file input15.cif (mmCIF, C-alpha atoms)
data_structure
loop_
_atom_site.label_atom_id
_atom_site.label_comp_id
_atom_site.auth_asym_id
_atom_site.auth_seq_id
_atom_site.Cartn_x
_atom_site.Cartn_y
_atom_site.Cartn_z
CA MET A 267 1.80 -3.64 -40.09
CA ARG A 268 5.42 -4.68 -40.17
CA TYR A 269 7.82 -5.86 -37.46
CA ASP A 270 11.45 -6.87 -37.53
CA SER A 271 10.73 -10.06 -35.60
CA LEU A 272 8.01 -11.75 -33.62
CA LEU A 273 8.96 -10.20 -30.27
CA ASP A 274 8.35 -6.74 -31.73
CA ALA A 275 4.81 -7.82 -32.55
CA ILE A 276 3.87 -8.28 -28.87
CA GLY A 277 1.06 -5.96 -27.75
CA GLY A 278 -0.77 -3.45 -29.92
CA THR A 279 -3.93 -5.56 -29.70
CA PRO A 280 -7.37 -4.54 -30.99
CA LEU A 281 -10.17 -3.09 -28.86
CA VAL A 282 -13.44 -4.47 -30.20
CA GLY A 283 -16.93 -3.28 -29.32
CA LEU A 284 -19.56 -5.78 -28.20
CA PRO A 285 -22.76 -4.32 -29.72
CA HIS A 286 -24.88 -7.45 -29.16
CA LEU A 287 -23.95 -8.05 -25.53
CA SER A 288 -23.90 -4.40 -24.46
CA PRO A 289 -27.19 -3.70 -22.64
CA GLY A 290 -27.84 -0.33 -24.23
CA PRO A 291 -26.48 2.54 -26.32
CA ASP A 292 -25.04 4.25 -23.25
CA ALA A 293 -23.69 1.12 -21.54
CA ARG A 294 -21.07 -0.22 -23.88
CA LEU A 295 -18.68 -3.13 -23.49
CA TRP A 296 -15.36 -3.26 -25.29
CA ALA A 297 -13.13 -6.32 -25.53
CA LYS A 298 -9.33 -5.96 -25.56
CA LEU A 299 -8.30 -9.02 -27.56
CA GLU A 300 -5.09 -10.26 -25.97
CA ASP A 301 -5.25 -13.54 -27.86
CA ARG A 302 -3.86 -11.42 -30.71
CA ASN A 303 -0.40 -11.77 -29.25
CA PRO A 304 2.35 -14.00 -30.68
CA THR A 305 1.73 -17.00 -28.42
CA GLY A 306 -1.95 -16.22 -28.06
CA SER A 307 -2.21 -14.64 -24.63
CA VAL A 308 -1.74 -11.47 -22.63
CA LYS A 309 1.24 -13.10 -20.93
CA ASP A 310 3.50 -12.32 -23.87
CA ARG A 311 3.69 -8.79 -22.50
CA ALA A 312 4.66 -9.78 -18.95
CA ALA A 313 7.06 -12.50 -20.11
CA LEU A 314 8.90 -10.18 -22.50
CA TRP A 315 9.18 -7.40 -19.94
CA MET A 316 10.42 -9.83 -17.26
CA VAL A 317 13.05 -11.38 -19.56
CA LEU A 318 14.27 -7.99 -20.78
CA ALA A 319 14.45 -6.70 -17.20
CA ALA A 320 16.45 -9.77 -16.15
CA GLU A 321 18.82 -9.29 -19.08
CA LYS A 322 19.25 -5.63 -18.19
CA ASP A 323 19.98 -6.58 -14.58
CA GLY A 324 22.64 -9.05 -15.75
CA LEU A 325 20.80 -12.09 -14.35
CA LEU A 326 20.76 -14.14 -17.56
CA ARG A 327 23.63 -15.80 -19.45
CA PRO A 328 23.28 -17.71 -22.74
CA GLY A 329 22.06 -21.24 -22.05
CA CYS A 330 20.99 -20.55 -18.47
CA THR A 331 17.77 -22.04 -17.06
CA ILE A 332 14.68 -20.03 -16.19
CA LEU A 333 12.24 -21.65 -13.73
CA GLU A 334 8.64 -20.53 -13.28
CA PRO A 335 5.46 -21.66 -11.50
CA THR A 336 2.92 -21.40 -14.29
CA SER A 337 -0.26 -23.14 -15.34
CA GLY A 338 0.44 -22.46 -18.92
CA ASN A 339 0.17 -19.05 -20.53
CA THR A 340 3.20 -17.54 -18.82
CA GLY A 341 5.17 -20.73 -19.40
CA ILE A 342 4.19 -20.76 -23.06
CA SER A 343 5.18 -17.10 -23.47
CA LEU A 344 8.46 -17.63 -21.65
CA ALA A 345 9.19 -20.79 -23.64
CA MET A 346 8.76 -18.97 -26.95
CA ILE A 347 10.69 -15.87 -25.92
CA CYS A 348 13.50 -17.85 -24.28
CA SER A 349 13.86 -20.14 -27.29
CA LEU A 350 14.53 -17.01 -29.34
CA ARG A 351 16.83 -15.45 -26.74
CA GLY A 352 18.82 -18.63 -25.99
CA TYR A 353 17.64 -19.68 -22.50
CA LYS A 354 16.18 -22.96 -21.18
CA VAL A 355 12.79 -22.99 -19.42
CA VAL A 356 11.43 -25.27 -16.66
CA CYS A 357 7.75 -24.83 -15.81
CA VAL A 358 6.11 -26.06 -12.59
CA MET A 359 2.46 -26.70 -13.31
CA PRO A 360 -0.46 -28.40 -11.50
CA GLU A 361 -1.08 -31.82 -13.00
CA ASN A 362 -4.77 -31.12 -13.69
CA THR A 363 -4.33 -28.54 -16.43
CA SER A 364 -5.51 -29.09 -19.99
CA ALA A 365 -3.55 -31.31 -22.37
CA GLU A 366 -2.92 -28.51 -24.86
CA ARG A 367 -0.78 -26.69 -22.32
CA THR A 368 1.66 -29.58 -22.01
CA GLN A 369 1.81 -29.90 -25.78
CA LEU A 370 2.48 -26.22 -26.37
CA LEU A 371 5.16 -26.00 -23.69
CA GLN A 372 7.02 -29.02 -25.03
CA MET A 373 6.70 -27.78 -28.60
CA TYR A 374 8.48 -24.56 -27.61
CA GLY A 375 11.17 -26.61 -25.89
CA ALA A 376 10.24 -26.17 -22.23
CA SER A 377 10.54 -28.88 -19.57
CA ILE A 378 7.62 -29.45 -17.17
CA VAL A 379 7.53 -30.45 -13.51
CA TYR A 380 4.02 -31.35 -12.37
CA SER A 381 2.82 -30.39 -8.93
CA PRO A 382 -0.12 -32.16 -7.25
CA ALA A 383 -3.60 -31.12 -8.38
CA ALA A 384 -4.80 -30.63 -4.82
CA GLY A 385 -3.78 -27.16 -3.74
CA GLY A 386 -3.67 -25.86 -7.31
CA SER A 387 -1.33 -23.02 -8.14
CA ASN A 388 -0.45 -22.44 -4.48
CA GLU A 389 1.31 -25.78 -4.58
CA ALA A 390 3.07 -25.01 -7.89
CA VAL A 391 4.43 -21.79 -6.37
CA ARG A 392 5.61 -23.67 -3.30
CA VAL A 393 7.31 -26.39 -5.34
CA ALA A 394 8.95 -23.83 -7.63
CA LYS A 395 10.33 -21.88 -4.69
CA GLN A 396 11.79 -25.10 -3.29
CA MET A 397 13.38 -25.94 -6.64
CA ALA A 398 14.81 -22.43 -6.98
CA ALA A 399 16.41 -22.76 -3.56
CA ALA A 400 17.85 -26.14 -4.54
CA ASN A 401 19.22 -24.89 -7.87
CA PRO A 402 20.96 -21.57 -7.18
CA GLY A 403 22.15 -21.25 -10.78
CA TRP A 404 18.58 -21.19 -12.05
CA VAL A 405 16.67 -17.96 -12.39
CA MET A 406 13.06 -17.69 -11.22
CA LEU A 407 11.51 -14.59 -12.73
CA TYR A 408 8.51 -15.16 -10.41
CA GLN A 409 5.53 -13.62 -12.16
CA TYR A 410 3.60 -13.24 -8.88
CA GLY A 411 6.11 -10.78 -7.48
CA ASN A 412 8.08 -9.41 -10.42
CA GLU A 413 7.47 -5.68 -10.91
CA ALA A 414 8.24 -6.06 -14.62
CA ASN A 415 5.00 -8.04 -14.92
CA ALA A 416 2.87 -5.14 -13.69
CA ARG A 417 5.10 -2.63 -15.47
CA SER A 418 4.51 -4.30 -18.84
CA HIS A 419 0.84 -3.36 -18.47
CA TYR A 420 1.58 0.10 -17.14
CA GLU A 421 3.77 0.72 -20.19
CA SER A 422 1.79 -1.04 -22.90
CA THR A 423 -1.74 -2.29 -22.11
CA GLY A 424 -2.83 0.84 -20.25
CA PRO A 425 -1.61 3.36 -22.85
CA GLU A 426 -3.13 1.33 -25.68
CA ILE A 427 -6.52 1.28 -23.99
CA LEU A 428 -6.48 4.97 -23.19
CA ALA A 429 -5.47 5.86 -26.74
CA ASP A 430 -8.34 3.79 -28.15
CA LEU A 431 -10.97 4.72 -25.53
CA PRO A 432 -10.24 7.98 -23.71
CA GLU A 433 -13.84 7.91 -22.47
CA ILE A 434 -13.29 4.67 -20.55
CA THR A 435 -15.30 4.35 -17.31
CA HIS A 436 -14.38 0.81 -16.18
CA PHE A 437 -11.56 -1.65 -16.75
CA VAL A 438 -12.25 -5.30 -15.92
CA ALA A 439 -9.64 -8.05 -15.98
CA GLY A 440 -8.95 -11.38 -14.40
CA LEU A 441 -7.13 -11.49 -11.08
CA GLY A 442 -4.30 -13.98 -11.08
CA THR A 443 -0.80 -12.70 -10.57
CA THR A 444 -2.62 -9.33 -10.42
CA GLY A 445 -0.08 -7.86 -12.86
CA THR A 446 -2.64 -6.85 -15.48
CA LEU A 447 -4.88 -5.07 -13.00
CA MET A 448 -2.07 -3.45 -11.05
CA GLY A 449 -0.20 -2.12 -14.08
CA THR A 450 -3.15 -1.20 -16.26
CA GLY A 451 -5.10 0.02 -13.25
CA ARG A 452 -2.35 2.33 -12.04
CA TYR A 453 -1.88 3.80 -15.50
CA LEU A 454 -5.58 4.37 -16.11
CA ARG A 455 -6.15 5.88 -12.66
CA GLU A 456 -3.35 8.37 -13.27
CA HIS A 457 -5.03 9.56 -16.44
CA VAL A 458 -8.73 9.03 -15.72
CA PRO A 459 -9.19 9.65 -11.99
CA ALA A 460 -12.81 8.44 -11.86
CA VAL A 461 -12.14 5.17 -13.70
CA GLN A 462 -13.20 1.99 -11.94
CA ILE A 463 -10.68 -0.85 -11.86
CA VAL A 464 -12.51 -4.12 -11.32
CA ALA A 465 -11.14 -7.59 -10.74
CA ALA A 466 -12.93 -10.78 -11.76
CA GLU A 467 -11.61 -13.94 -10.16
CA PRO A 468 -12.65 -17.55 -10.70
CA ARG A 469 -14.38 -19.44 -7.93
CA TYR A 470 -13.09 -22.97 -8.11
CA GLY A 471 -14.26 -26.32 -6.83
CA GLU A 472 -13.26 -27.68 -3.47
CA LEU A 473 -10.30 -29.68 -4.73
CA VAL A 474 -8.44 -26.52 -5.63
CA TYR A 475 -9.02 -24.89 -2.25
CA GLY A 476 -8.41 -28.20 -0.58
CA LEU A 477 -7.71 -28.74 3.04
CA ARG A 478 -5.03 -26.09 3.31
CA ASN A 479 -4.92 -24.25 6.57
CA MET A 480 -6.36 -20.75 6.14
CA ASP A 481 -3.14 -19.31 7.49
CA GLU A 482 -1.13 -20.84 4.64
CA GLY A 483 -2.90 -18.91 1.93
CA PHE A 484 -1.28 -16.95 -0.84
CA VAL A 485 -1.60 -13.35 -1.90
CA PRO A 486 0.64 -12.37 -4.85
CA GLU A 487 3.37 -9.96 -3.84
CA LEU A 488 2.30 -7.67 -6.67
CA TYR A 489 -1.19 -7.24 -5.25
CA ASP A 490 -2.11 -3.85 -3.86
CA ASP A 491 -5.83 -3.67 -3.28
CA ALA A 492 -5.70 0.13 -3.24
CA VAL A 493 -5.53 -0.03 -7.04
CA LEU A 494 -8.87 -1.82 -7.27
CA THR A 495 -12.36 -0.38 -6.96
CA SER A 496 -14.01 -3.77 -6.55
CA ARG A 497 -13.43 -7.47 -6.94
CA PHE A 498 -15.95 -10.11 -8.04
CA SER A 499 -15.96 -13.86 -7.56
CA VAL A 500 -17.40 -15.70 -10.57
CA SER A 501 -18.55 -19.30 -10.66
CA ALA A 502 -17.55 -21.78 -13.35
CA ALA A 503 -21.20 -21.93 -14.41
CA ASP A 504 -21.40 -18.20 -15.03
CA ALA A 505 -17.98 -18.05 -16.68
CA LEU A 506 -18.89 -20.90 -19.03
CA ARG A 507 -22.25 -19.38 -19.89
CA ARG A 508 -20.67 -16.03 -20.74
CA THR A 509 -17.80 -17.61 -22.69
CA ARG A 510 -20.38 -19.32 -24.87
CA GLU A 511 -22.34 -16.08 -25.25
CA LEU A 512 -19.18 -14.36 -26.40
CA VAL A 513 -18.91 -16.85 -29.25
CA SER A 514 -22.58 -17.08 -30.14
CA ARG A 515 -23.41 -13.39 -29.94
CA GLU A 516 -20.19 -11.61 -30.80
CA GLY A 517 -18.21 -14.24 -32.68
CA ILE A 518 -15.33 -14.05 -30.24
CA PHE A 519 -13.77 -17.41 -29.37
CA ALA A 520 -12.09 -16.80 -26.02
CA GLY A 521 -10.74 -18.73 -23.05
CA ILE A 522 -12.88 -19.29 -20.00
CA SER A 523 -11.39 -16.41 -18.02
CA ALA A 524 -12.97 -14.15 -20.65
CA GLY A 525 -16.37 -15.44 -19.56
CA CYS A 526 -15.37 -14.56 -16.03
CA VAL A 527 -14.53 -10.94 -16.86
CA LEU A 528 -17.51 -10.61 -19.16
CA HIS A 529 -19.84 -11.69 -16.36
CA ALA A 530 -18.44 -8.95 -14.12
CA GLY A 531 -18.50 -6.45 -16.99
CA LEU A 532 -22.17 -7.16 -17.69
CA ALA A 533 -23.02 -6.68 -14.01
CA LEU A 534 -21.26 -3.31 -14.10
CA ALA A 535 -23.05 -2.32 -17.31
CA ASP A 536 -26.43 -3.18 -15.78
CA ARG A 537 -25.60 -1.18 -12.66
CA ALA A 538 -24.60 1.85 -14.72
CA GLN A 539 -27.72 1.62 -16.82
CA ALA A 540 -29.91 1.32 -13.73
CA ALA A 541 -28.21 4.41 -12.32
CA GLY A 542 -28.70 6.30 -15.56
CA GLU A 543 -24.94 6.64 -16.01
CA ARG A 544 -22.89 6.29 -19.17
CA ALA A 545 -20.53 3.34 -19.17
CA ASP A 546 -17.69 2.41 -21.49
CA ILE A 547 -16.36 -0.78 -20.01
CA VAL A 548 -13.20 -2.49 -21.24
CA VAL A 549 -13.03 -6.21 -20.53
CA LEU A 550 -9.64 -7.82 -21.08
CA ILE A 551 -9.84 -11.08 -23.04
CA ALA A 552 -6.70 -12.86 -21.90
CA ASP A 553 -6.57 -15.67 -24.45
CA GLY A 554 -8.43 -17.63 -27.12
CA GLY A 555 -10.42 -20.77 -26.51
CA TRP A 556 -8.02 -23.17 -28.21
CA LYS A 557 -6.33 -24.50 -25.09
CA TYR A 558 -9.70 -25.20 -23.47
CA LEU A 559 -11.35 -27.20 -26.24
CA SER A 560 -10.42 -30.50 -24.61
CA THR A 561 -12.18 -29.41 -21.40
CA GLY A 562 -15.54 -29.65 -23.19
CA ALA A 563 -16.33 -26.05 -22.32
CA TYR A 564 -17.69 -25.19 -25.75
CA GLY A 565 -19.85 -28.23 -26.56
CA GLY A 566 -22.56 -30.26 -24.87
CA THR A 567 -24.85 -28.80 -22.26
CA LEU A 568 -23.69 -26.19 -19.76
CA ALA A 569 -24.29 -28.68 -16.96
CA GLU A 570 -22.03 -31.22 -18.65
CA ALA A 571 -19.34 -28.59 -19.22
CA GLU A 572 -19.56 -27.44 -15.63
CA ALA A 573 -19.28 -30.99 -14.32
CA ARG A 574 -16.19 -31.57 -16.45
CA LEU A 575 -14.51 -28.50 -14.98
CA GLU A 576 -15.08 -29.61 -11.39
CA GLY A 577 -11.69 -30.02 -9.72
CA GLU A 578 -9.93 -28.32 -12.63
CA LEU A 579 -8.25 -24.97 -12.87
CA TRP A 580 -10.23 -23.34 -15.63
CA ALA A 581 -9.01 -19.75 -15.78
CA MET B 204 -33.94 -13.11 8.76
CA ALA B 205 -31.69 -15.54 6.96
CA ILE B 206 -28.35 -14.99 5.34
CA GLU B 207 -26.67 -17.98 3.73
CA VAL B 208 -23.01 -18.30 4.58
CA ARG B 209 -20.97 -20.73 2.50
CA ILE B 210 -18.13 -22.36 4.40
CA PRO B 211 -14.89 -23.65 2.82
CA THR B 212 -13.89 -27.28 3.40
CA ILE B 213 -11.19 -26.43 5.93
CA LEU B 214 -13.66 -24.67 8.26
CA ARG B 215 -16.42 -27.28 8.18
CA THR B 216 -15.12 -28.81 11.39
CA PHE B 217 -16.78 -25.81 13.04
CA THR B 218 -20.11 -26.39 11.34
CA GLY B 219 -20.40 -30.13 11.85
CA GLY B 220 -19.49 -30.68 8.22
CA ALA B 221 -22.12 -28.33 6.83
CA LYS B 222 -21.20 -26.59 3.56
CA SER B 223 -23.40 -23.67 4.39
CA VAL B 224 -25.03 -22.29 7.48
CA GLU B 225 -27.54 -19.52 8.12
CA GLY B 226 -27.13 -16.45 10.25
CA SER B 227 -28.42 -12.97 10.84
CA GLY B 228 -27.09 -9.51 11.46
CA ASP B 229 -27.03 -6.03 9.99
CA THR B 230 -23.31 -6.05 9.25
CA LEU B 231 -20.77 -8.70 8.38
CA ASP B 232 -19.27 -8.29 11.84
CA ALA B 233 -22.63 -8.95 13.47
CA LEU B 234 -23.27 -11.89 11.19
CA ILE B 235 -19.94 -13.50 12.07
CA ALA B 236 -20.64 -12.98 15.76
CA ASP B 237 -24.03 -14.61 15.30
CA LEU B 238 -22.48 -17.63 13.59
CA ASP B 239 -19.85 -17.87 16.29
CA SER B 240 -22.59 -18.16 18.92
CA ARG B 241 -23.63 -21.47 17.35
CA HIS B 242 -20.30 -22.53 15.87
CA ALA B 243 -17.81 -21.65 18.56
CA GLY B 244 -14.36 -20.71 17.34
CA LEU B 245 -15.40 -19.84 13.80
CA ARG B 246 -14.97 -16.11 14.29
CA ASP B 247 -11.40 -16.51 15.44
CA ARG B 248 -10.52 -18.23 12.17
CA LEU B 249 -11.88 -15.35 10.14
CA VAL B 250 -11.01 -12.28 12.12
CA ASP B 251 -8.00 -10.99 14.02
CA ASP B 252 -7.17 -7.67 15.71
CA SER B 253 -6.80 -5.87 12.40
CA GLY B 254 -10.03 -7.14 10.86
CA LEU B 255 -10.50 -9.93 8.35
CA ARG B 256 -7.54 -12.30 8.39
CA ARG B 257 -5.08 -11.84 5.54
CA PHE B 258 -5.62 -15.15 3.79
CA VAL B 259 -9.39 -15.17 4.20
CA ASN B 260 -11.55 -13.82 1.41
CA VAL B 261 -15.19 -13.05 2.07
CA TYR B 262 -17.67 -12.26 -0.69
CA LEU B 263 -21.06 -10.66 -0.28
CA ASN B 264 -23.24 -11.64 -3.23
CA ASP B 265 -20.00 -12.49 -5.06
CA GLU B 266 -18.32 -9.16 -4.31
CA ASP B 267 -15.19 -8.99 -2.14
CA VAL B 268 -16.23 -7.33 1.12
CA ARG B 269 -12.89 -5.58 1.47
CA PHE B 270 -14.29 -3.13 -1.10
CA LEU B 271 -17.67 -2.88 0.60
CA GLY B 272 -16.44 -1.77 4.01
CA GLY B 273 -14.96 -5.02 5.27
CA LEU B 274 -16.48 -6.08 8.57
CA THR B 275 -18.76 -3.02 8.50
CA ALA B 276 -20.29 -4.12 5.18
CA GLN B 277 -24.05 -4.14 5.46
CA VAL B 278 -25.84 -7.41 4.97
CA LYS B 279 -29.55 -8.13 4.66
CA ASP B 280 -32.04 -10.94 4.42
CA GLY B 281 -31.50 -13.02 1.31
CA ASP B 282 -27.83 -12.12 0.89
CA THR B 283 -25.26 -14.82 0.30
CA VAL B 284 -21.86 -14.65 1.96
CA THR B 285 -19.06 -16.91 0.69
CA VAL B 286 -15.86 -17.55 2.63
CA LEU B 287 -12.82 -18.81 0.71
CA PRO B 288 -9.11 -19.19 1.35
CA ALA B 289 -6.80 -16.95 -0.67
CA VAL B 290 -5.18 -18.97 -3.44
CA ALA B 291 -2.65 -18.32 -6.16
CA GLY B 292 -4.17 -17.13 -9.37
CA GLY B 293 -5.31 -20.08 -11.44
CA MET B 294 -3.86 -20.75 -14.85
CA ARG B 295 -1.14 -18.19 -15.19
#
call {"tool": "encode", "arguments": {"input": "input15.cif", "output": "structure tokens"}}
result
Amino acid sequence: MRYDSLLDAIGGTPLVGLPHLSPGPDARLWAKLEDRNPTGSVKDRAALWMVLAAEKDGLLRPGCTILEPTSGNTGISLAMICSLRGYKVVCVMPENTSAERTQLLQMYGASIVYSPAAGGSNEAVRVAKQMAAANPGWVMLYQYGNEANARSHYESTGPEILADLPEITHFVAGLGTTGTLMGTGRYLREHVPAVQIVAAEPRYGELVYGLRNMDEGFVPELYDDAVLTSRFSVSAADALRRTRELVSREGIFAGISAGCVLHAGLALADRAQAAGERADIVVLIADGGWKYLSTGAYGGTLAEAEARLEGELWA
Amino acid sequence: MAIEVRIPTILRTFTGGAKSVEGSGDTLDALIADLDSRHAGLRDRLVDDSGLRRFVNVYLNDEDVRFLGGLTAQVKDGDTVTVLPAVAGGMR
């Protein structure tokens, strides 16, 4: 396969069957390997689409600064893309994210502003919005509300999946900005009316939820729950267990959000099997495990790994 | 009949600091009303005129109840209900 430059190599990722984890011959799981993107995550799609849309709308000038609340993958994608397109990047990130994220961002030339750990990504969004207001010359692409995020998946991820697996019955992905589920979900529902679009979201420790008033919560502007069929909450323990199973039983070294979606995917496969229904379930593997090695997720006992993740954002 | 309801930190003032409480009811609505009878004011933090409050997420056996009928979702003995605030999406 040949591309003129790295940005052209974004997307077009493999769909890989999981014969050892799939419960039976008629309940099959398939992993869409988004770590096979240039910076190693699904975010390359959203970041590229957002930058191109901003260029098309005349929002970006050479040397201008792009600001984004991001715990890593989006920042890393933006940093790489912007270094090639000639823009500066400032990322606002909770201070309790893994060390590799800081290293990767700085390597690609991005600057980082750390927001307090308590309050997690809510706080990073709040701080970024404040900084955007204080720096009117900066551009905040705002992944949580930018339609180009969801559109990247409508135009690339969804069509790829349908081309590879026209018999798809379920699509499972992590729920963060909601871009992947909204874009891919809308596309798949247009072409496979009975398809189930299922969200898997991490259930964090108390530090992340903190003492924030329940009225000050955050729902991404992209989120439209009409696109989803169901939404599962997955504990760190289950996500870790499944992430390790993905390595040990299928040889796939993925980030911890993959364990989250796999847990939901396995529950769906069991349900289908129990109901005597065929299932071809695509689970979206958002990134590889590299950035999570320092969290201890892949070594030691599960209990030790779980304890180390307490208070951390892990997906 | 016992249904475990896990309470987020911010609402534990209503439960005397308890992380989880027990209740009963055939539906989520009934369960919340039952809890409110012992933990006055709790219902008002979860529900408004249009149903579940916007920034409140409720999971029945780890599944978001908004896809199970919301307040009309059926609950039974042994179920676990988890209440969490809506937060921005993790490591994006």
call {"tool": "resolve_selection", "arguments": {"input": "input15.cif", "expression": "the PyMOL selection byres ((chain B) within 9 of (chain A))", "output": "PDB file with C-alpha atoms, in the frame of the given file"}}
result
ATOM      1  CA  PRO B 211     -14.890 -23.650   2.820  1.00  0.00           C
ATOM      2  CA  THR B 212     -13.890 -27.280   3.400  1.00  0.00           C
ATOM      3  CA  ILE B 213     -11.190 -26.430   5.930  1.00  0.00           C
ATOM      4  CA  LEU B 214     -13.660 -24.670   8.260  1.00  0.00           C
ATOM      5  CA  ARG B 248     -10.520 -18.230  12.170  1.00  0.00           C
ATOM      6  CA  LEU B 249     -11.880 -15.350  10.140  1.00  0.00           C
ATOM      7  CA  ARG B 256      -7.540 -12.300   8.390  1.00  0.00           C
ATOM      8  CA  ARG B 257      -5.080 -11.840   5.540  1.00  0.00           C
ATOM      9  CA  PHE B 258      -5.620 -15.150   3.790  1.00  0.00           C
ATOM     10  CA  VAL B 259      -9.390 -15.170   4.200  1.00  0.00           C
ATOM     11  CA  TYR B 262     -17.670 -12.260  -0.690  1.00  0.00           C
ATOM     12  CA  ASN B 264     -23.240 -11.640  -3.230  1.00  0.00           C
ATOM     13  CA  ASP B 265     -20.000 -12.490  -5.060  1.00  0.00           C
ATOM     14  CA  GLU B 266     -18.320  -9.160  -4.310  1.00  0.00           C
ATOM     15  CA  ASP B 267     -15.190  -8.990  -2.140  1.00  0.00           C
ATOM     16  CA  VAL B 268     -16.230  -7.330   1.120  1.00  0.00           C
ATOM     17  CA  ARG B 269     -12.890  -5.580   1.470  1.00  0.00           C
ATOM     18  CA  PHE B 270     -14.290  -3.130  -1.100  1.00  0.00           C
ATOM     19  CA  LEU B 271     -17.670  -2.880   0.600  1.00  0.00           C
ATOM     20  CA  LEU B 287     -12.820 -18.810   0.710  1.00  0.00           C
ATOM     21  CA  PRO B 288      -9.110 -19.190   1.350  1.00  0.00           C
ATOM     22  CA  ALA B 289      -6.800 -16.950  -0.670  1.00  0.00           C
ATOM     23  CA  VAL B 290      -5.180 -18.970  -3.440  1.00  0.00           C
ATOM     24  CA  ALA B 291      -2.650 -18.320  -6.160  1.00  0.00           C
ATOM     25  CA  GLY B 292      -4.170 -17.130  -9.370  1.00  0.00           C
ATOM     26  CA  GLY B 293      -5.310 -20.080 -11.440  1.00  0.00           C
ATOM     27  CA  MET B 294      -3.860 -20.750 -14.850  1.00  0.00           C
ATOM     28  CA  ARG B 295      -1.140 -18.190 -15.190  1.00  0.00           C
TER      29      ARG B 295
END
call {"tool": "closest_residue", "arguments": {"input": "input15.cif", "among": "B:Ile210, B:Leu263, B:Ala276, B:Val250", "to": "B:Ala236", "atoms": "all atoms listed in the file"}}
result
B:Val250
call {"tool": "residues_around", "arguments": {"input": "input15.cif", "residues": "A:Tyr420", "least_positions_apart": "6", "cutoff": "9 Å", "atoms": "all atoms listed in the file", "output": "ChimeraX atom specification"}}
result
/A:446,448-454
call {"tool": "residues_around", "arguments": {"input": "input15.cif", "residues": "B:Ser227", "least_positions_apart": "6", "cutoff": "6 Å", "atoms": "all atoms listed in the file", "output": "ChimeraX atom specification"}}
result
/B:204-206,234
call {"tool": "resolve_selection", "arguments": {"input": "input15.cif", "expression": "the PyMOL selection byres ((chain A and resi 419) around 12)", "output": "MDAnalysis selection string"}}
result
chainID A and resid 276:278 300 308:316 413:418 420:427 439 444:454 550
call {"tool": "atom_distance", "arguments": {"input": "input15.cif", "atom1": "atom CA of A:His457", "atom2": "atom CA of A:Val548"}}
result
15.3 Å
call {"tool": "resolve_selection", "arguments": {"input": "input15.cif", "expression": "the PyMOL selection byres ((chain B and resi 238) around 12)", "output": "JSON list (two decimals) with C-alpha atoms, in the frame of the given file"}}
result
[["chain", "number", "residue", "atom", "x", "y", "z"],
["B", 205, "ALA", "CA", -31.69, -15.54, 6.96],
["B", 206, "ILE", "CA", -28.35, -14.99, 5.34],
["B", 207, "GLU", "CA", -26.67, -17.98, 3.73],
["B", 208, "VAL", "CA", -23.01, -18.30, 4.58],
["B", 209, "ARG", "CA", -20.97, -20.73, 2.50],
["B", 210, "ILE", "CA", -18.13, -22.36, 4.40],
["B", 217, "PHE", "CA", -16.78, -25.81, 13.04],
["B", 218, "THR", "CA", -20.11, -26.39, 11.34],
["B", 223, "SER", "CA", -23.40, -23.67, 4.39],
["B", 224, "VAL", "CA", -25.03, -22.29, 7.48],
["B", 225, "GLU", "CA", -27.54, -19.52, 8.12],
["B", 226, "GLY", "CA", -27.13, -16.45, 10.25],
["B", 227, "SER", "CA", -28.42, -12.97, 10.84],
["B", 228, "GLY", "CA", -27.09, -9.51, 11.46],
["B", 231, "LEU", "CA", -20.77, -8.70, 8.38],
["B", 232, "ASP", "CA", -19.27, -8.29, 11.84],
["B", 233, "ALA", "CA", -22.63, -8.95, 13.47],
["B", 234, "LEU", "CA", -23.27, -11.89, 11.19],
["B", 235, "ILE", "CA", -19.94, -13.50, 12.07],
["B", 236, "ALA", "CA", -20.64, -12.98, 15.76],
["B", 237, "ASP", "CA", -24.03, -14.61, 15.30],
["B", 239, "ASP", "CA", -19.85, -17.87, 16.29],
["B", 240, "SER", "CA", -22.59, -18.16, 18.92],
["B", 241, "ARG", "CA", -23.63, -21.47, 17.35],
["B", 242, "HIS", "CA", -20.30, -22.53, 15.87],
["B", 243, "ALA", "CA", -17.81, -21.65, 18.56],
["B", 244, "GLY", "CA", -14.36, -20.71, 17.34],
["B", 245, "LEU", "CA", -15.40, -19.84, 13.80],
["B", 246, "ARG", "CA", -14.97, -16.11, 14.29],
["B", 247, "ASP", "CA", -11.40, -16.51, 15.44],
["B", 249, "LEU", "CA", -11.88, -15.35, 10.14]]
call {"tool": "residues_near_point", "arguments": {"input": "input15.cif", "point": "(10.4, -23.9, -22.5)", "cutoff": "9 Å", "atoms": "all atoms listed in the file", "output": "list in words"}}
result
Ile332, Gly341, Ile342, Ser343, Leu344, Ala345, Met346, Ile347, Cys348, Ser349, Tyr353, Lys354, Val355, Val356, Cys357, Leu371, Gln372, Met373, Tyr374, Gly375, Ala376, Ser377 and Ile378 of chain A
call {"tool": "axis_aligned_box", "arguments": {"input": "input15.cif", "around": "stretch 276-279 of chain B", "padding_each_side": "3 Å", "output": "AutoDock Vina command-line options"}}
result
--center_x -24.9 --center_y -6.1 --center_z 5.1 --size_x 15.3 --size_y 10.0 --size_z 6.8
call {"tool": "atom_distance", "arguments": {"input": "input15.cif", "atom1": "atom CA of A:Trp296", "atom2": "atom CA of A:Val282"}}
result
5.4 Å
call {"tool": "atom_distance", "arguments": {"input": "input15.cif", "atom1": "atom CA of A:Gly290", "atom2": "atom CA of A:His436"}}
result
15.7 Å
call {"tool": "residues_around", "arguments": {"input": "input15.cif", "residues": "A:Ala535", "least_positions_apart": "5", "cutoff": "8 Å", "atoms": "all atoms listed in the file", "output": "list in words"}}
result
Ser288, Pro289, Ala293, Arg294, Leu295, Ala545 and Ile547 of chain A
